[in-house]
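Engineer: Below you'll find the structure I mean.
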Amino acid sequence: MFFRRLLTSLMAGMLVCAAAGLAQAQTSATTPSAPPKASKSATTKSAAKQDVAKPPPAMTGGAEPTLIGQFGTWGAYSATPNGKHVCFALAKPTASKTNPPNRPRDPAYVFVSTRPAEKVVNEVSIMIGYALKPGSESTLEVGGASYAMYTQGDGLWIKNAAEEDQMVQAMRRSADAVVKGVSAKGTETTDTFSMKGLSQALDRIAQDCRR
């Protein structure tokens with residue numbers, strides 16, 4: 001659990017850095033920069049619409065995440081926090097709703113991480129963008145099934161680890177996934193994530209995290 005919390009904190013830093021990097025890239029599109037390593041399947045046209053900018057170095061854990069491929073709405077990244085190689089695929093919601101409406105929240109992300117040193121493959125985590133109601137459970141709905149997610153701070157993980165591989169396979173096959181949660185203030189949220197490109201992103205990080 002300690003390393004999970006550390007990794008969650010690290011990923012949070014990297015995601016914030018990624019967002020900042022994208023904003024900077026959009027405002028200085030004419031400035032030449034070294035292109036990140038990316039799959040040949042990523043096109044210039046799609047790159048203009050996706051978060052393909054290489055995140056700047058993350059301060060947490062001394063890790064520097066590297067974009068290794070952009071596939072649809074999913075970016076594939078590699079990093080080495082505290083000397084341990086990790087890979088992850090991440091995406092932002094394509095649609096979000098709150099009830100009551102227009103409640104402020106931080107950006108939400110879903111990421112699927114692989115950590116060879118821990119023999120962890122394709123662990124699904126969701127950063128929901130607000131403090132979740134203590135003791136509450138959330139759900140991830142995909143492929144006609146609903147998976148219970150336990151909550152900790154602003155993060156979600158699958159409650160029954162034995163179902164995680166089944167959930168990931170459903171995510172690979174489906175067009176989208178819906179995540180529902182309740183904030184500490186009682187606000188209900190529904191986020192829809194496109195699964196377009198997830199299979200390719202997971203295949204890419206599997207290759208990179210093989211070593």
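Identifiers for the structure tokens are assigned positionally: chains receive A, B, ... in sequence, residues are indexed from 1 per chain, and ligands are indexed from 1 in the order shown.
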Write out as an NGL selection string which residues come within 12 Å of Ser138 of chain A when counting only C-alpha atoms, dropping same-chain ones fewer than 2 positions away.
Structural biologist: :A and (125-128 or 132-136 or 140-141 or 146-152 or 154-159 or 178-183 or 188-191)
Engineer: Residues at most 6 Å from Tyr77 of chain A, counting only C-alpha atoms, excluding those fewer than 2 positions away in the same chain, as a list in words?
Structural biologist: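 In the requested format, the answer is Thr66, Leu67, Ile68, Cys87 and Phe88 of chain A.
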Engineer: Quick one: residues within 8 Å of Thr73 of chain A, only C-alpha atoms counted, chain neighbours fewer than 5 positions away excluded, as number ranges by chain?
Structural biologist: A: 50, 91-92, 194-198
Engineer: Please write the residues from the selection above to a file, keeping C-alpha atoms, as an mmCIF file, in the first residue's frame.
Structural biologist:
```cif
data_model
loop_
_atom_site.group_PDB
_atom_site.id
_atom_site.type_symbol
_atom_site.label_atom_id
_atom_site.label_comp_id
_atom_site.auth_asym_id
_atom_site.auth_seq_id
_atom_site.Cartn_x
_atom_site.Cartn_y
_atom_site.Cartn_z
ATOM 1 C CA GLN A 50 -4.210 14.658 -28.415
ATOM 2 C CA ALA A 91 -6.449 9.091 -20.924
ATOM 3 C CA LYS A 92 -8.732 11.949 -19.930
ATOM 4 C CA SER A 194 -13.089 6.601 -24.722
ATOM 5 C CA MET A 195 -11.311 3.265 -25.054
ATOM 6 C CA LYS A 196 -10.098 4.104 -28.549
ATOM 7 C CA GLY A 197 -6.411 3.220 -28.744
ATOM 8 C CA LEU A 198 -6.232 1.471 -25.361
#
```
Engineer: Please identify all polymer residues within 12 Å of Arg172 of chain A, counting only C-alpha atoms, omitting same-chain residues fewer than 5 positions from it, and present them as a ChimeraX atom specification.
Structural biologist: /A:74,112,122,142-143,165-167,177,194-203
Engineer: Can you spit out the residues from that selection as a compact mmCIF listing (two decimals), in the first residue's frame, using N, CA, C and O atoms?
Structural biologist:
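File written: again.txt
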```
# COMPACT_ATOMS: atom_id res chain seq x y z
N TRP A 74 -5.38 7.59 -26.00
CA TRP A 74 -4.49 7.07 -24.97
C TRP A 74 -3.03 7.35 -25.27
O TRP A 74 -2.54 7.09 -26.36
N VAL A 112 -3.51 2.93 -16.66
CA VAL A 112 -3.30 1.50 -16.51
C VAL A 112 -1.79 1.29 -16.43
O VAL A 112 -1.09 1.55 -17.39
N ASN A 122 -0.91 -4.21 -15.76
CA ASN A 122 -2.21 -3.62 -16.10
C ASN A 122 -3.10 -3.37 -14.89
O ASN A 122 -4.24 -3.81 -14.81
N VAL A 142 -18.29 -1.03 -17.96
CA VAL A 142 -17.72 -1.25 -19.29
C VAL A 142 -18.17 -2.61 -19.79
O VAL A 142 -18.30 -3.57 -19.02
N GLY A 143 -18.44 -2.69 -21.08
CA GLY A 143 -18.81 -3.96 -21.69
C GLY A 143 -20.04 -4.61 -21.10
O GLY A 143 -20.15 -5.83 -21.08
N ASP A 165 -8.27 -8.44 -14.47
CA ASP A 165 -7.93 -8.86 -15.83
C ASP A 165 -9.18 -8.89 -16.71
O ASP A 165 -9.15 -8.45 -17.86
N GLN A 166 -10.28 -9.37 -16.15
CA GLN A 166 -11.55 -9.39 -16.89
C GLN A 166 -11.98 -7.98 -17.26
O GLN A 166 -12.43 -7.72 -18.38
N MET A 167 -11.81 -7.04 -16.32
CA MET A 167 -12.20 -5.66 -16.57
C MET A 167 -11.32 -5.05 -17.67
O MET A 167 -11.82 -4.37 -18.57
N ALA A 177 -15.84 3.57 -21.40
CA ALA A 177 -16.07 3.12 -20.03
C ALA A 177 -16.61 4.31 -19.25
O ALA A 177 -16.23 5.45 -19.50
N SER A 194 -13.17 7.37 -23.48
CA SER A 194 -13.09 6.60 -24.72
C SER A 194 -12.01 5.54 -24.59
O SER A 194 -10.93 5.79 -24.04
N MET A 195 -12.29 4.34 -25.07
CA MET A 195 -11.31 3.27 -25.05
C MET A 195 -10.55 3.16 -26.37
O MET A 195 -9.75 2.24 -26.57
N LYS A 196 -10.78 4.12 -27.27
CA LYS A 196 -10.10 4.10 -28.55
C LYS A 196 -8.59 4.21 -28.37
O LYS A 196 -8.08 5.18 -27.80
N GLY A 197 -7.86 3.21 -28.83
CA GLY A 197 -6.41 3.22 -28.74
C GLY A 197 -5.85 2.52 -27.52
O GLY A 197 -4.64 2.34 -27.40
N LEU A 198 -6.73 2.10 -26.58
CA LEU A 198 -6.23 1.47 -25.36
C LEU A 198 -5.47 0.19 -25.66
O LEU A 198 -4.39 -0.04 -25.10
N SER A 199 -6.00 -0.68 -26.50
CA SER A 199 -5.33 -1.95 -26.79
C SER A 199 -3.92 -1.72 -27.31
O SER A 199 -2.96 -2.38 -26.88
N GLN A 200 -3.77 -0.78 -28.25
CA GLN A 200 -2.46 -0.50 -28.80
C GLN A 200 -1.52 0.08 -27.74
O GLN A 200 -0.33 -0.23 -27.71
N ALA A 201 -2.07 0.95 -26.87
CA ALA A 201 -1.25 1.54 -25.82
C ALA A 201 -0.76 0.47 -24.84
O ALA A 201 0.40 0.48 -24.43
N LEU A 202 -1.65 -0.47 -24.47
CA LEU A 202 -1.26 -1.54 -23.55
C LEU A 202 -0.24 -2.47 -24.19
O LEU A 202 0.70 -2.93 -23.53
N ASP A 203 -0.41 -2.74 -25.48
CA ASP A 203 0.57 -3.58 -26.17
C ASP A 203 1.94 -2.88 -26.20
O ASP A 203 2.98 -3.52 -26.06
```
